[in-house]
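Structure, as structure tokens:
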Amino acid sequence: MTRSLDLGSGPHPKNHFSADELFGLDIEDHPAPNIRKADLAVDALPFEDGYFDYVTAFDVIEHVPRIVYTPRRRNSFIALMDEIHRVLKPDGLFYSQTPAYPHAEAFQDPTHVNIITENTFPFYFDDKYRWAANYGFRGAFRIESQEWRGFHLLTTLRKVPAPA
């Protein structure tokens with residue numbers, strides 16, 4: 001049995017990987033029992049370690065601030081990537097679809113506070129460079145694929161063990 005978590009799902013989580021069980025996570029309350037509430041800028045993902053085969057984020061990570069300062073300084077986007085790594089099973093997949101630089105759509109929405117480029121995942125969260133480790137990132141991902149579809153950058157990352 002496979003499980004998938006859709007971040008920022010609203011009332012209707014997407015099942016990109018056709019998982020057997022589908023969960024959603026949203027900043028708003030929704031009555032469905034498979035949708036939990038959390039603020040990705042400040043909250044941990046409310047699931048146990050290694051619970052999901054897949055995690056997806058459709059047009060949501062651009063809304064997660066890179067840094068928040070209350071109640072203390074927190075690198076929110078890096079913490080979210082750590083949380084995604086934590087809740088994925090070994091070899092689990094994370095799929096992101098986000099408007100990205102250099103396209104105007106990455107900037108025009110005033111709630112887009114986390115601008116992603118085609119170098120963000122390969123240099124900061126991969127298993128080769130892991131530059132985000134300088135800011136507290138503990139995980140590692142292998143880049144399975146990355147492509148442009150219009151102004152969206154589509155990226156699939158595979159959870160791999162973090163270097164010791």
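Labels for the structure tokens follow display order: chains A, B, ..., residues from 1 in each chain, ligands from 1.
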
key: Distance query A:Asp20 at most 8 Å, only C-alpha atoms, self and fewer than 3 positions along chain excluded, as a VMD selection string   = chain A and resid 1 to 4

- Message: Taking 3 positions as the minimum chain separation for residues in the same chain, which residues sit within 12 Å of A:Pro122 when counting only C-alpha atoms? Answer as a ChimeraX atom specification.
- Response: /A:116-119,125-132,140-146,155-158

### Message
When you count only C-alpha atoms, which of these residues is closest to A:Val42: A:Ser9, A:Thr70, A:Ser96, A:Thr111?
### Response
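Of all the options, A:Thr70 lies closest to A:Val42.
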
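Coordinates place atom CA of A:Gly10 at a distance of 21.6 Å from atom CA of A:Ala100.
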
With distances taken over only C-alpha atoms, the candidate from A:Ile67, A:Leu22, A:Val55, A:Leu45 nearest A:Phe94 is A:Val55

Problem - Atomic distance atom CA of A:Val113 - atom CA of A:Asn134, expressed in Å with one decimal - result: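 That distance, rounded to one decimal, is 20.9 Å.
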
Could you name the residues that touch A:Ala38 at 8 Å or less, counting only C-alpha atoms, but leaving out those on the same chain fewer than 5 positions away, as a PyMOL selection string? chain A and resi 25-28+43-46

Name the closest residue to A:Glu48 among the candidates A:Glu62, A:Asp29, A:Glu83, A:Glu105; distances are taken between atoms, counting only C-alpha atoms.
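That would be A:Glu83, the residue with the smallest distance to A:Glu48.
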
Exercise. Could you give me, as a PyMOL selection string, the residues within 9 Å of A:Asn15, counting only C-alpha atoms and dropping anything in the same chain fewer than 4 positions from it?
Key: chain A and resi 4-6+19+21-23+56

With C-alpha atoms retained, write the just-selected residues as a PDB file, in the first residue's frame.
ATOM      1  CA  SER A   4       0.924  10.283  -0.720  1.00  0.00           C
ATOM      2  CA  LEU A   5       0.788  13.693   0.964  1.00  0.00           C
ATOM      3  CA  ASP A   6      -0.219  16.784  -1.020  1.00  0.00           C
ATOM      4  CA  ALA A  19      -1.138   6.264  -4.371  1.00  0.00           C
ATOM      5  CA  GLU A  21      -3.958   6.374   0.337  1.00  0.00           C
ATOM      6  CA  LEU A  22      -4.077  10.127  -0.145  1.00  0.00           C
ATOM      7  CA  PHE A  23      -3.600  12.823   2.493  1.00  0.00           C
ATOM      8  CA  THR A  56       3.685  16.653  -3.687  1.00  0.00           C
TER       9      THR A  56
END

Go through A:Ile84, A:Ala57, A:Ala164, A:Pro11 and flag the residue nearest A:Pro33, using only C-alpha atoms for the distances.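 Among A:Ile84, A:Ala57, A:Ala164, A:Pro11, it is A:Pro11 that comes nearest to A:Pro33.
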
Judged by only C-alpha atoms, the minimum distance to A:Phe137 among A:Ala79, A:Leu153, A:Leu40, A:Ala104 is found for A:Ala79

message = DSSP on the backbone: which residues in stretch 22-115 of chain A end up as strand (DSSP E)? Give the answer as a list in words.
response = Leu22, Phe23, Gly24, Leu25, Asp26, Ile35, Arg36, Lys37, Phe52, Asp53, Tyr54, Val55, Thr56, Ala57, Phe58, Leu88, Lys89, Pro90, Asp91, Gly92, Leu93, Phe94, Tyr95, Ser96, Gln97, Thr98 and Pro99 of chain A

Neighbour list for A:His63 as a list of chain:residue names, cut-off 10 Å, only C-alpha atoms, skip fewer than 4 positions in-chain: A:Gly8, A:Leu40, A:Ala41, A:Asp59, A:Phe77, A:Thr98, A:Asp109, A:Pro110, A:Thr111, A:His112, A:Val113, A:Asn114, A:Ile115

Considering only C-alpha atoms, can you say which of A:Val60, A:Phe52, A:Arg66, A:Lys37 comes closest to A:Tyr135?
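Nearest candidate to A:Tyr135 out of A:Val60, A:Phe52, A:Arg66, A:Lys37: A:Arg66.
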